[in-house]
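One file, input39.txt, carrying compact mmCIF, C-alpha atoms and all ligand atoms:
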# COMPACT_ATOMS: atom_id res chain seq x y z
CA MET A 1 77.39 109.54 85.11
CA THR A 2 77.01 112.17 87.79
CA ASP A 3 77.74 115.86 87.24
CA GLY A 4 80.53 115.46 89.76
CA PHE A 5 82.16 112.98 87.53
CA GLY A 6 81.74 115.25 84.51
CA ALA A 7 83.66 117.94 86.39
CA VAL A 8 86.41 115.55 87.46
CA SER A 9 86.69 114.12 83.99
CA GLY A 10 86.99 117.62 82.49
CA LEU A 11 89.73 118.46 84.96
CA ILE A 12 91.66 115.31 84.01
CA ASP A 13 91.47 116.25 80.33
CA SER A 14 92.74 119.73 81.20
CA TYR A 15 95.87 118.22 82.82
CA ARG A 16 97.07 116.70 79.53
CA GLN A 17 99.96 119.09 78.79
CA ASP A 18 100.94 119.30 82.44
CA MET A 19 101.06 115.50 82.73
CA ILE A 20 103.27 115.20 79.63
CA GLY A 21 105.59 117.84 81.06
CA ARG A 22 105.85 116.04 84.41
CA MET A 23 106.55 112.72 82.70
CA LYS A 24 109.36 114.48 80.80
CA GLU A 25 110.77 115.76 84.08
CA MET A 26 110.39 112.49 86.00
CA ILE A 27 111.85 109.94 83.56
CA PRO A 28 115.37 111.52 83.42
CA ILE A 29 115.57 111.01 87.21
CA ARG A 30 116.76 107.42 86.89
CA ALA A 31 115.29 105.46 89.74
CA ILE A 32 117.16 102.20 89.42
CA SER A 33 117.50 100.05 92.54
CA PRO A 34 120.73 100.41 94.56
CA SER A 35 120.95 96.59 94.54
CA SER A 36 121.22 96.80 90.73
CA GLY A 37 123.91 99.46 91.09
CA GLY A 38 121.54 102.36 90.51
CA GLU A 39 120.38 105.48 92.26
CA GLY A 40 117.75 108.15 91.80
CA GLU A 41 114.79 106.60 93.57
CA LEU A 42 114.98 109.11 96.43
CA GLU A 43 115.33 112.05 94.05
CA ARG A 44 112.34 110.87 92.03
CA ALA A 45 110.25 110.43 95.18
CA MET A 46 111.19 113.95 96.30
CA PHE A 47 110.15 115.29 92.90
CA LEU A 48 106.74 113.61 93.22
CA ASP A 49 106.35 114.63 96.86
CA LYS A 50 106.95 118.26 95.93
CA LEU A 51 104.53 118.01 93.01
CA LEU A 52 101.75 116.65 95.26
CA GLY A 53 102.50 119.41 97.76
CA SER A 54 102.13 122.04 95.04
CA TRP A 55 98.60 120.72 94.45
CA GLY A 56 97.77 121.09 98.12
CA ILE A 57 97.95 117.36 98.82
CA LYS A 58 99.51 116.50 102.19
CA THR A 59 101.85 113.53 102.15
CA ARG A 60 103.55 111.32 104.69
CA ARG A 61 106.89 109.65 104.11
CA TYR A 62 107.86 106.15 105.16
CA ASP A 63 111.57 105.83 104.46
CA TYR A 64 113.46 102.62 105.07
CA LYS A 65 117.19 102.07 105.01
CA ASP A 66 118.23 99.10 102.86
CA ASP A 67 121.27 96.86 103.33
CA THR A 68 123.40 99.08 101.08
CA GLY A 69 122.64 101.96 103.47
CA ALA A 70 120.49 103.74 100.88
CA ILE A 71 117.21 105.40 101.85
CA ARG A 72 114.21 103.83 100.13
CA PRO A 73 111.43 106.41 100.07
CA ASN A 74 107.69 105.67 100.21
CA ILE A 75 105.01 108.35 99.90
CA ILE A 76 101.52 108.04 101.35
CA ALA A 77 98.66 110.49 100.86
CA ARG A 78 94.93 110.32 101.48
CA ILE A 79 92.07 112.71 100.82
CA GLY A 80 88.39 112.52 101.73
CA ASN A 81 86.17 112.09 104.78
CA ALA A 82 84.70 108.69 103.98
CA LYS A 83 84.94 105.55 106.11
CA LYS A 84 86.70 103.42 103.53
CA THR A 85 89.73 104.10 101.37
CA ILE A 86 90.65 102.87 97.93
CA TRP A 87 94.42 103.04 97.66
CA PHE A 88 96.10 103.42 94.28
CA VAL A 89 99.57 101.99 94.38
CA GLY A 90 102.31 103.04 91.95
CA HIS A 91 105.99 102.28 92.21
CA THR A 92 108.71 104.84 91.65
CA ASP A 93 111.63 102.56 90.83
CA THR A 94 112.47 101.30 87.35
CA VAL A 95 114.72 98.72 85.75
CA ALA A 96 117.84 99.68 83.79
CA GLU A 97 117.60 100.47 80.09
CA GLY A 98 119.34 97.27 78.93
CA ASP A 99 121.16 97.30 75.59
CA ARG A 100 121.18 100.97 74.54
CA SER A 101 121.74 100.16 70.87
CA LEU A 102 118.23 98.70 70.76
CA TRP A 103 116.69 102.05 71.72
CA LYS A 104 115.68 104.65 69.20
CA GLY A 105 116.91 107.71 71.09
CA ASP A 106 117.91 108.29 74.71
CA PRO A 107 115.93 105.96 77.00
CA PHE A 108 115.92 108.58 79.78
CA CYS A 109 114.68 111.44 77.64
CA VAL A 110 110.96 111.17 76.93
CA ARG A 111 110.17 111.21 73.23
CA ILE A 112 106.60 112.01 72.20
CA ASP A 113 105.30 110.47 69.00
CA GLY A 114 101.61 111.13 68.49
CA ASP A 115 99.83 109.53 71.44
CA ARG A 116 102.94 107.68 72.57
CA MET A 117 105.48 108.66 75.24
CA TYR A 118 108.70 106.67 74.87
CA GLY A 119 111.30 106.18 77.62
CA ARG A 120 112.47 103.73 80.29
CA GLY A 121 109.85 103.69 83.01
CA THR A 122 107.14 105.57 81.08
CA ASN A 123 105.04 102.43 81.22
CA ASP A 124 106.48 100.57 84.21
CA ASN A 125 105.41 102.32 86.32
CA GLY A 126 105.34 105.95 85.13
CA GLN A 127 101.89 105.38 83.72
CA GLY A 128 100.50 104.04 87.01
CA VAL A 129 102.14 106.85 88.97
CA MET A 130 100.80 109.54 86.62
CA SER A 131 97.26 108.13 86.29
CA SER A 132 97.01 107.84 90.09
CA ILE A 133 98.38 111.28 90.99
CA TYR A 134 96.35 113.11 88.33
CA ALA A 135 93.16 111.29 89.40
CA MET A 136 93.93 112.42 92.96
CA ARG A 137 94.61 115.98 91.85
CA ALA A 138 91.26 116.10 90.05
CA ILE A 139 89.38 114.82 93.11
CA LYS A 140 91.19 117.34 95.31
CA GLU A 141 90.66 120.26 92.94
CA SER A 142 86.97 119.47 92.37
CA GLY A 143 86.31 119.59 96.12
CA ILE A 144 83.73 116.81 95.74
CA ASP A 145 82.73 114.84 98.83
CA THR A 146 83.57 111.35 97.68
CA GLY A 147 82.05 108.01 98.71
CA TYR A 148 85.49 106.57 99.34
CA ASN A 149 88.71 108.27 100.36
CA PHE A 150 91.27 108.47 97.60
CA GLY A 151 94.50 106.95 98.89
CA LEU A 152 97.85 107.15 97.14
CA VAL A 153 100.89 104.97 97.68
CA LEU A 154 104.08 105.69 95.75
CA ALA A 155 106.21 102.74 96.72
CA ALA A 156 109.93 102.07 96.44
CA ASP A 157 111.76 98.90 95.50
CA GLU A 158 109.08 97.08 93.49
CA GLU A 159 111.40 95.80 90.77
CA VAL A 160 113.56 93.77 93.12
CA GLY A 161 110.93 92.40 95.45
CA SER A 162 109.39 95.33 97.42
CA ARG A 163 111.36 94.56 100.58
CA TYR A 164 111.69 98.29 101.31
CA GLY A 165 108.38 99.24 99.75
CA MET A 166 104.94 97.68 99.91
CA GLN A 167 106.13 94.68 101.90
CA LYS A 168 107.11 96.97 104.79
CA LEU A 169 104.19 99.39 104.41
CA VAL A 170 101.58 96.67 105.03
CA GLU A 171 103.36 95.96 108.33
CA GLU A 172 103.11 99.58 109.53
CA LYS A 173 100.75 99.79 112.52
CA GLY A 174 97.65 101.85 111.92
CA LEU A 175 98.33 102.50 108.24
CA PHE A 176 96.00 100.00 106.56
CA SER A 177 93.23 97.83 107.92
CA LYS A 178 91.28 94.91 106.59
CA SER A 179 87.91 96.48 107.36
CA SER A 180 88.41 99.82 105.66
CA ASP A 181 91.15 99.61 103.04
CA MET A 182 91.35 98.14 99.56
CA PHE A 183 93.93 98.44 96.82
CA VAL A 184 94.20 99.03 93.10
CA VAL A 185 97.61 98.44 91.56
CA PRO A 186 97.97 99.91 88.06
CA ASP A 187 101.08 97.92 87.17
CA TRP A 188 99.84 95.35 84.72
CA GLY A 189 97.22 95.20 81.99
CA ASN A 190 96.64 95.09 78.25
CA ASP A 191 95.83 97.57 75.48
CA ARG A 192 92.10 96.94 75.77
CA GLY A 193 92.05 97.41 79.53
CA ASP A 194 89.69 94.46 79.79
CA ILE A 195 91.52 92.26 82.30
CA ILE A 196 91.55 92.61 86.09
CA GLU A 197 94.31 90.63 87.73
CA VAL A 198 93.10 89.09 90.97
CA GLY A 199 95.79 86.55 91.78
CA GLU A 200 99.50 85.99 91.42
CA LYS A 201 101.78 83.04 91.44
CA GLY A 202 104.40 82.56 94.11
CA LEU A 203 107.75 84.01 93.13
CA LEU A 204 111.10 82.40 93.77
CA TRP A 205 114.35 83.74 92.30
CA LEU A 206 117.26 81.44 92.87
CA LYS A 207 120.96 82.09 92.61
CA VAL A 208 122.81 78.89 91.77
CA THR A 209 126.53 78.85 92.53
CA VAL A 210 128.51 75.86 91.33
CA LYS A 211 132.06 75.61 92.65
CA GLY A 212 134.66 73.36 91.00
CA LYS A 213 138.34 74.02 90.38
CA GLN A 214 139.78 76.37 87.77
CA VAL A 215 142.61 75.03 85.60
CA HIS A 216 144.10 75.36 82.12
CA ALA A 217 141.82 73.88 79.46
CA SER A 218 144.58 71.55 78.28
CA THR A 219 144.67 69.72 81.64
CA PRO A 220 141.03 69.12 82.64
CA ASP A 221 142.00 66.20 84.86
CA LEU A 222 143.68 68.61 87.27
CA GLY A 223 140.53 70.64 87.82
CA VAL A 224 136.75 70.39 88.03
CA ASN A 225 134.81 72.18 85.32
CA ALA A 226 132.09 74.11 87.14
CA TYR A 227 130.44 75.03 83.85
CA ARG A 228 129.91 71.38 82.90
CA TYR A 229 128.28 70.57 86.25
CA SER A 230 126.26 73.75 86.12
CA ILE A 231 124.79 72.68 82.78
CA ARG A 232 124.05 69.18 84.07
CA PHE A 233 122.47 70.45 87.26
CA LEU A 234 120.34 73.06 85.49
CA TYR A 235 119.18 70.51 82.95
CA GLU A 236 118.14 67.99 85.58
CA ALA A 237 116.50 70.61 87.76
CA ASP A 238 114.60 71.95 84.74
CA GLU A 239 113.33 68.47 83.81
CA MET A 240 112.27 67.69 87.38
CA LEU A 241 110.49 71.03 87.93
CA HIS A 242 108.49 70.84 84.72
CA SER A 243 107.39 67.26 85.29
CA LYS A 244 106.76 67.38 89.04
CA TYR A 245 105.11 70.81 89.16
CA GLY A 246 103.03 70.48 86.01
CA LYS A 247 99.50 71.17 87.32
CA THR A 248 97.32 73.63 85.41
CA ASN A 249 95.02 76.29 86.90
CA SER A 250 92.65 77.98 84.46
CA LEU A 251 92.49 81.32 86.36
CA PHE A 252 96.12 81.90 85.42
CA ASN A 253 97.80 82.91 82.20
CA PRO A 254 99.98 81.02 81.47
CA ASN A 255 98.00 78.29 83.22
CA VAL A 256 101.06 76.46 84.56
CA SER A 257 103.93 77.18 86.94
CA THR A 258 106.96 78.52 85.05
CA PHE A 259 110.62 77.75 85.72
CA GLU A 260 113.14 79.64 83.60
CA MET A 261 116.90 79.86 83.66
CA THR A 262 117.65 83.54 83.12
CA LYS A 263 120.72 85.52 84.17
CA HIS A 264 124.17 84.02 83.91
CA GLU A 265 127.24 85.67 85.41
CA LYS A 266 130.44 86.09 83.47
CA ASN A 267 132.93 83.34 84.30
CA VAL A 268 136.43 83.31 82.77
CA ASP A 269 138.13 85.66 80.32
CA SER A 270 139.66 83.14 77.95
CA THR A 271 138.63 80.16 75.91
CA ASN A 272 141.53 78.18 77.35
CA ILE A 273 140.50 78.43 80.99
CA ILE A 274 138.22 75.87 82.62
CA PRO A 275 135.92 77.83 84.93
CA GLY A 276 136.05 77.07 88.62
CA ILE A 277 132.88 78.97 89.46
CA GLU A 278 129.60 79.28 87.61
CA VAL A 279 126.77 81.48 88.80
CA SER A 280 123.35 81.33 87.19
CA TYR A 281 119.81 82.22 88.12
CA ILE A 282 116.41 80.56 87.90
CA ASP A 283 113.12 82.48 87.89
CA CYS A 284 110.30 80.33 89.32
CA ARG A 285 106.65 81.42 89.28
CA VAL A 286 104.61 78.84 91.08
CA LEU A 287 100.84 78.30 91.11
CA PRO A 288 99.20 78.74 94.53
CA ASP A 289 98.53 74.97 94.34
CA TYR A 290 102.13 74.36 95.43
CA ARG A 291 104.39 75.34 98.31
CA LEU A 292 107.67 77.15 97.58
CA ASP A 293 109.33 75.13 100.35
CA ASP A 294 108.69 71.95 98.38
CA VAL A 295 110.11 73.44 95.19
CA LEU A 296 113.24 74.56 97.02
CA CYS A 297 113.68 71.21 98.73
CA ASP A 298 113.40 69.31 95.42
CA ILE A 299 115.95 71.58 93.73
CA LYS A 300 118.39 71.06 96.60
CA ALA A 301 117.95 67.30 96.27
CA ILE A 302 119.05 67.53 92.61
CA ALA A 303 122.11 69.54 93.70
CA ARG A 304 123.15 66.68 95.96
CA ARG A 305 123.42 64.40 92.91
CA PHE A 306 126.68 66.17 91.98
CA PRO A 307 129.20 65.48 94.76
CA GLN A 308 132.08 66.43 92.40
CA VAL A 309 131.25 70.12 92.95
CA SER A 310 129.61 72.21 95.64
CA ILE A 311 126.30 73.67 94.54
CA SER A 312 124.61 76.30 96.66
CA ILE A 313 121.03 77.37 96.01
CA ASP A 314 120.21 80.79 97.44
CA PRO A 315 116.75 82.37 97.18
CA ILE A 316 117.32 86.06 96.39
CA VAL A 317 113.63 86.89 96.07
CA ARG A 318 110.88 84.87 97.63
CA GLU A 319 107.18 85.66 97.62
CA ASP A 320 104.92 82.87 98.76
CA PRO A 321 101.64 82.95 96.83
CA ALA A 322 98.70 84.75 98.48
CA ALA A 323 95.06 83.72 98.14
CA ALA A 324 93.44 85.40 95.13
CA THR A 325 91.10 88.38 95.65
CA GLN A 326 87.51 87.21 95.23
CA ALA A 327 85.54 88.00 92.08
CA ASP A 328 82.71 89.46 94.19
CA SER A 329 84.98 91.57 96.44
CA GLU A 330 84.19 95.29 96.81
CA VAL A 331 87.30 96.49 94.99
CA VAL A 332 86.76 94.19 92.00
CA ARG A 333 83.08 95.15 91.76
CA ILE A 334 83.80 98.90 91.88
CA LEU A 335 86.70 98.66 89.46
CA ALA A 336 84.77 96.49 87.00
CA SER A 337 81.79 98.84 87.03
CA SER A 338 84.03 101.90 86.52
CA VAL A 339 85.78 100.23 83.60
CA HIS A 340 82.40 99.28 82.18
CA ARG A 341 80.96 102.78 82.46
CA LEU A 342 84.01 104.55 81.09
CA LYS A 343 85.24 102.14 78.46
CA GLY A 344 82.07 100.23 77.64
CA ILE A 345 83.68 96.86 78.27
CA LYS A 346 83.18 94.14 80.85
CA PRO A 347 86.60 93.12 82.15
CA ARG A 348 87.42 89.48 82.83
CA LEU A 349 89.38 88.23 85.81
CA MET A 350 92.77 86.58 85.60
CA GLY A 351 95.73 85.36 87.62
CA ILE A 352 99.29 86.04 86.40
CA GLY A 353 102.91 85.20 87.04
CA GLY A 354 103.27 88.27 89.28
CA GLY A 355 104.55 89.70 91.28
CA THR A 356 103.14 93.12 91.78
CA CYS A 357 102.60 95.19 94.92
CA ALA A 358 99.15 93.56 95.20
CA ALA A 359 100.68 90.42 96.72
CA PHE A 360 101.39 92.18 100.03
CA PRO A 361 97.92 93.45 100.96
CA ARG A 362 96.49 90.13 99.75
CA LYS A 363 98.74 88.29 102.15
CA LYS A 364 97.28 90.39 104.95
CA GLY A 365 93.78 89.38 103.88
CA MET A 366 93.05 92.72 102.18
CA GLN A 367 91.48 93.05 98.73
CA ALA A 368 93.70 94.09 95.84
CA ALA A 369 93.02 94.31 92.12
CA VAL A 370 95.66 94.94 89.48
CA TRP A 371 94.48 96.82 86.44
CA SER A 372 95.61 99.34 83.85
CA THR A 373 95.33 100.01 80.16
CA GLU A 374 98.83 99.48 78.91
CA PRO A 375 100.92 98.03 76.11
CA ASP A 376 102.75 94.86 77.11
CA ILE A 377 106.20 96.41 76.84
CA ALA A 378 107.58 96.66 80.39
CA HIS A 379 111.35 96.11 80.66
CA GLN A 380 111.74 96.08 76.85
CA PRO A 381 113.70 98.53 74.69
CA ASN A 382 111.62 101.42 73.35
CA GLU A 383 109.22 101.14 76.27
CA TYR A 384 106.27 103.48 75.88
CA THR A 385 102.86 104.33 77.16
CA ARG A 386 100.02 106.29 75.61
CA ILE A 387 98.87 109.69 76.78
CA SER A 388 95.28 108.55 76.24
CA TYR A 389 95.83 105.52 78.49
CA VAL A 390 97.18 107.64 81.34
CA LEU A 391 94.27 110.08 81.19
CA GLY A 392 91.68 107.34 80.57
CA ASP A 393 92.89 105.29 83.54
CA ALA A 394 92.94 108.42 85.73
CA LYS A 395 89.23 108.85 84.94
CA VAL A 396 88.51 105.23 85.89
CA PHE A 397 90.31 105.72 89.23
CA ALA A 398 88.57 109.00 90.00
CA HIS A 399 85.23 107.45 89.13
CA MET A 400 85.86 104.59 91.56
CA VAL A 401 85.90 106.82 94.64
CA LEU A 402 82.93 109.07 93.75
ZN ZN B 501 106.11 97.61 87.58

Hey, can you dump this file as C-alpha cells for me?
Ligand SMILES: [Zn+2]
Amino acid sequence: MTDGFGAVSGLIDSYRQDMIGRMKEMIPIRAISPSSGGEGELERAMFLDKLLGSWGIKTRRYDYKDDTGAIRPNIIARIGNAKKTIWFVGHTDTVAEGDRSLWKGDPFCVRIDGDRMYGRGTNDNGQGVMSSIYAMRAIKESGIDTGYNFGLVLAADEEVGSRYGMQKLVEEKGLFSKSSDMFVVPDWGNDRGDIIEVGEKGLLWLKVTVKGKQVHASTPDLGVNAYRYSIRFLYEADEMLHSKYGKTNSLFNPNVSTFEMTKHEKNVDSTNIIPGIEVSYIDCRVLPDYRLDDVLCDIKAIARRFPQVSISIDPIVREDPAAATQADSEVVRILASSVHRLKGIKPRLMGIGGGTCAAFPRKKGMQAAVWSTEPDIAHQPNEYTRISYVLGDAKVFAHMVL
C-alpha cells in the first residue's frame, strides 16, 4: 500500500467519534418517502449538504418535485483532477420503523452497543452514506492527487423506486458519461464483504384491485364477495407464474424469479360484512431471461378468468432488468482488488433480486458494482450496522480512487 493510502487510512480512523456523532444526528431526521406518508428526506439532505460544506466539499443539488408536490433532494459532489470518476452512491431515504413493539428502544434514536449502531436507517442506507462521505472527506483532507475523481451521489427516493432520485439523475445532460464514469453502490452486501453484486432482476410491483359488491354476510347471494375472488385470482396467478417463469440462472441468488404476495389493504370492519373491494400487492423479481411485459400480460389473462368481478392490475413500480456489469469491467476489477488488499479476501460476483440504484447507470450502459460489508438486516426491527464496517468500507472506497 502506498504512503498516500496510509495517510488516508489514518484519517478515516481518526473520524470514528465524529462519524458516530453524525449518525446520531442524522437518524432522528426521519427520511421516509412522502408516498409512504413520511417526510424528512429534504431535511436530512440539507443536514448532509451542510456537513459536506463544512469539510470544504462543494456540492450541487438536483431537486425534483414529486406528484405529492414534495421536493426530492439529490446531492452531487466530485473532487479530483483525473479523467475518470468513480461515483459512490448512497440513498438518503429510509423505510418506516414497522411494528415499534419489536424494537428494543426508540428506532430513531441511535443506540450504540459495542461495535454496533442500532436504529432505523443505520444500515439501509446510513452505512453507505457515512462510508462514502467519510472516504471523500479523507481524500479531500489528505490533498492527494488521485488516479480517479471521487464522486458522491446522495440520492432521494430509493426505497420506492428511485423515480425522483437515481432514475432522473442518469438522464441529466452532462452529468454522467459512459466513457468516464463508473459507479459503486454500497447498498447491499454481507458480513464478510466478499460478494460484489453485478446484476439485478427486473422489478415489478403490482397492485391488484378486485371489485365485487359489498353486502351483509347473511345474504351472500345479493352481493359478490371480492375477497373470495381475490384469493382465487391470487392463487391461480401464483401457480401460473411459478410454473411458466421457472428458469434458473446461476449468477443469481436466489437462482429463480420470485413472485410473492405481500401487502394487503384493510377491507371491512366487521366479520358480518362481505367485502366489496379487495386490494393486495404482488412483488415480482424477474430474471433478465424474461420480459416484464410478458409477465404482466399473463397475469392480466388470469384476471379475465373471473368475469364475476372486475380485477385491475396496476404496476406501481416497474424496473425492467438491465444487462449485468461484466466481471472484467474496470469498476469490478478496481473494487475487487481494493477489497482484496484491505480485507485479504477475493470477492465473488453475484446477481440479486434488486433493485438498487445500480440498475439505472447499468441501463445507460455504464458500469456499476454493488458492494458493502453489512449485516443482512435492512427493513427489519432492530436494524443495525457496525462502526468497523463503516470505517472499513470507507477505506476500501478511498483506496479505489488512489
Ligand atoms: Zn437501501

> At a cut-off of 12 Å from (120.3, 107.4, 94.3) in the coordinates of the file, what residues are picked up using only C-alpha atoms, written as a ChimeraX atom specification?
Replying inline: /A:29-46,68-73,93,156

Create the file for the chosen residues now, containing C-alpha atoms and written as a short mmCIF file (atom, residue, chain, number, x, y, z; two decimals), in the coordinates of the input.
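Wrote part-v8.cif, looks like this:
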data_model
loop_
_atom_site.label_atom_id
_atom_site.label_comp_id
_atom_site.auth_asym_id
_atom_site.auth_seq_id
_atom_site.Cartn_x
_atom_site.Cartn_y
_atom_site.Cartn_z
CA ILE A 29 115.57 111.01 87.21
CA ARG A 30 116.76 107.42 86.89
CA ALA A 31 115.29 105.46 89.74
CA ILE A 32 117.16 102.20 89.42
CA SER A 33 117.50 100.05 92.54
CA PRO A 34 120.73 100.41 94.56
CA SER A 35 120.95 96.59 94.54
CA SER A 36 121.22 96.80 90.73
CA GLY A 37 123.91 99.46 91.09
CA GLY A 38 121.54 102.36 90.51
CA GLU A 39 120.38 105.48 92.26
CA GLY A 40 117.75 108.15 91.80
CA GLU A 41 114.79 106.60 93.57
CA LEU A 42 114.98 109.11 96.43
CA GLU A 43 115.33 112.05 94.05
CA ARG A 44 112.34 110.87 92.03
CA ALA A 45 110.25 110.43 95.18
CA MET A 46 111.19 113.95 96.30
CA THR A 68 123.40 99.08 101.08
CA GLY A 69 122.64 101.96 103.47
CA ALA A 70 120.49 103.74 100.88
CA ILE A 71 117.21 105.40 101.85
CA ARG A 72 114.21 103.83 100.13
CA PRO A 73 111.43 106.41 100.07
CA ASP A 93 111.63 102.56 90.83
CA ALA A 156 109.93 102.07 96.44
#

> What separation in Å, quoted to one decimal, exists between CA of Gly199 in chain A and CA of Ala237 in chain A?
Replying inline: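 The value is 26.4 Å.
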
>> Using only C-alpha atoms and all ligand atoms, which residues of the polymer chains come no farther than 12 Å from ligand ZN 501 (chain B)? I'd like the answer as JSON, numbers by chain.
In response: {"A": [89, 90, 91, 92, 93, 94, 95, 120, 121, 122, 123, 124, 125, 126, 127, 128, 129, 154, 155, 156, 157, 158, 159, 160, 161, 162, 185, 186, 187, 188, 189, 354, 355, 356, 357, 358, 370, 371, 372, 374, 376, 377, 378, 379]}

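Compared by their closest atoms to Ile345 in chain A, and using all atoms listed in the file, the residues A:Pro321, A:Pro375, A:Gly193, A:Gly276 rank with A:Gly193 nearest.
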
>> Calculated over only C-alpha atoms, which of the candidates A:His264, A:Arg137, A:Arg100, A:His216 has the smallest distance to Met19 in chain A?
In response: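 Smallest distance to Met19 in chain A is found for A:Arg137.
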
> So, counting only C-alpha atoms, which residue among A:Tyr62, A:Phe47, A:Asp393, A:Phe5 is closest to Leu175 in chain A?
Replying inline: A:Tyr62

> From the set A:Lys266, A:Arg341, A:Arg318, A:Arg22, which residue has the shortest atom-to-atom contact distance to Val396 in chain A, counting all atoms listed in the file?
Replying inline: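 Residue with the minimum atom-to-atom distance to Val396 in chain A: A:Arg341.
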
> What does the distance from CA of Pro220 in chain A to CA of Leu206 in chain A come to in Å, to one decimal?
Replying inline: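 Atom-to-atom, CA of Pro220 in chain A to CA of Leu206 in chain A, that is 28.7 Å.
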
> Could you name the residues that touch range 15-17 of chain A at 10 Å or less, counting only C-alpha atoms, but leaving out those on the same chain fewer than 2 positions away, as a PyMOL selection string?
Replying inline: chain A and resi 10-13+19-23+134-135+137-138+387-388+390-391

Atoms to include: C-alpha atoms. Write the selected residues as a PDB file, in the frame of the given file.
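And here is the file that came out, result12.pdb:
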ATOM      1  CA  GLY A  10      86.990 117.620  82.490  1.00  0.00           C
ATOM      2  CA  LEU A  11      89.730 118.460  84.960  1.00  0.00           C
ATOM      3  CA  ILE A  12      91.660 115.310  84.010  1.00  0.00           C
ATOM      4  CA  ASP A  13      91.470 116.250  80.330  1.00  0.00           C
ATOM      5  CA  MET A  19     101.060 115.500  82.730  1.00  0.00           C
ATOM      6  CA  ILE A  20     103.270 115.200  79.630  1.00  0.00           C
ATOM      7  CA  GLY A  21     105.590 117.840  81.060  1.00  0.00           C
ATOM      8  CA  ARG A  22     105.850 116.040  84.410  1.00  0.00           C
ATOM      9  CA  MET A  23     106.550 112.720  82.700  1.00  0.00           C
ATOM     10  CA  TYR A 134      96.350 113.110  88.330  1.00  0.00           C
ATOM     11  CA  ALA A 135      93.160 111.290  89.400  1.00  0.00           C
ATOM     12  CA  ARG A 137      94.610 115.980  91.850  1.00  0.00           C
ATOM     13  CA  ALA A 138      91.260 116.100  90.050  1.00  0.00           C
ATOM     14  CA  ILE A 387      98.870 109.690  76.780  1.00  0.00           C
ATOM     15  CA  SER A 388      95.280 108.550  76.240  1.00  0.00           C
ATOM     16  CA  VAL A 390      97.180 107.640  81.340  1.00  0.00           C
ATOM     17  CA  LEU A 391      94.270 110.080  81.190  1.00  0.00           C
TER      18      LEU A 391
END

Edge lengths and centre, in Å to one decimal, as lines of an AutoDock Vina configuration file: that's what I need for the box along x, y and z that holds all listed atoms of range 177-185 of chain A plus 4 Å on each side.
center_x = 92.8
center_y = 97.4
center_z = 99.7
size_x = 17.7
size_y = 12.9
size_z = 24.4

> Of the candidates A:Asp283, A:Asp3, A:Asp113, A:Glu200, which shows the shortest atom-to-atom distance to Ala324 in chain A, using only C-alpha atoms?
Replying inline: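 Of A:Asp283, A:Asp3, A:Asp113, A:Glu200, the one nearest Ala324 in chain A, counting only C-alpha atoms, is A:Glu200.
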
> Suppose you want the space between CA of Gly246 in chain A and CA of Asp289 in chain A; what is it in Å?
Replying inline: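 Calculated distance between CA of Gly246 in chain A and CA of Asp289 in chain A is 10.5 Å.
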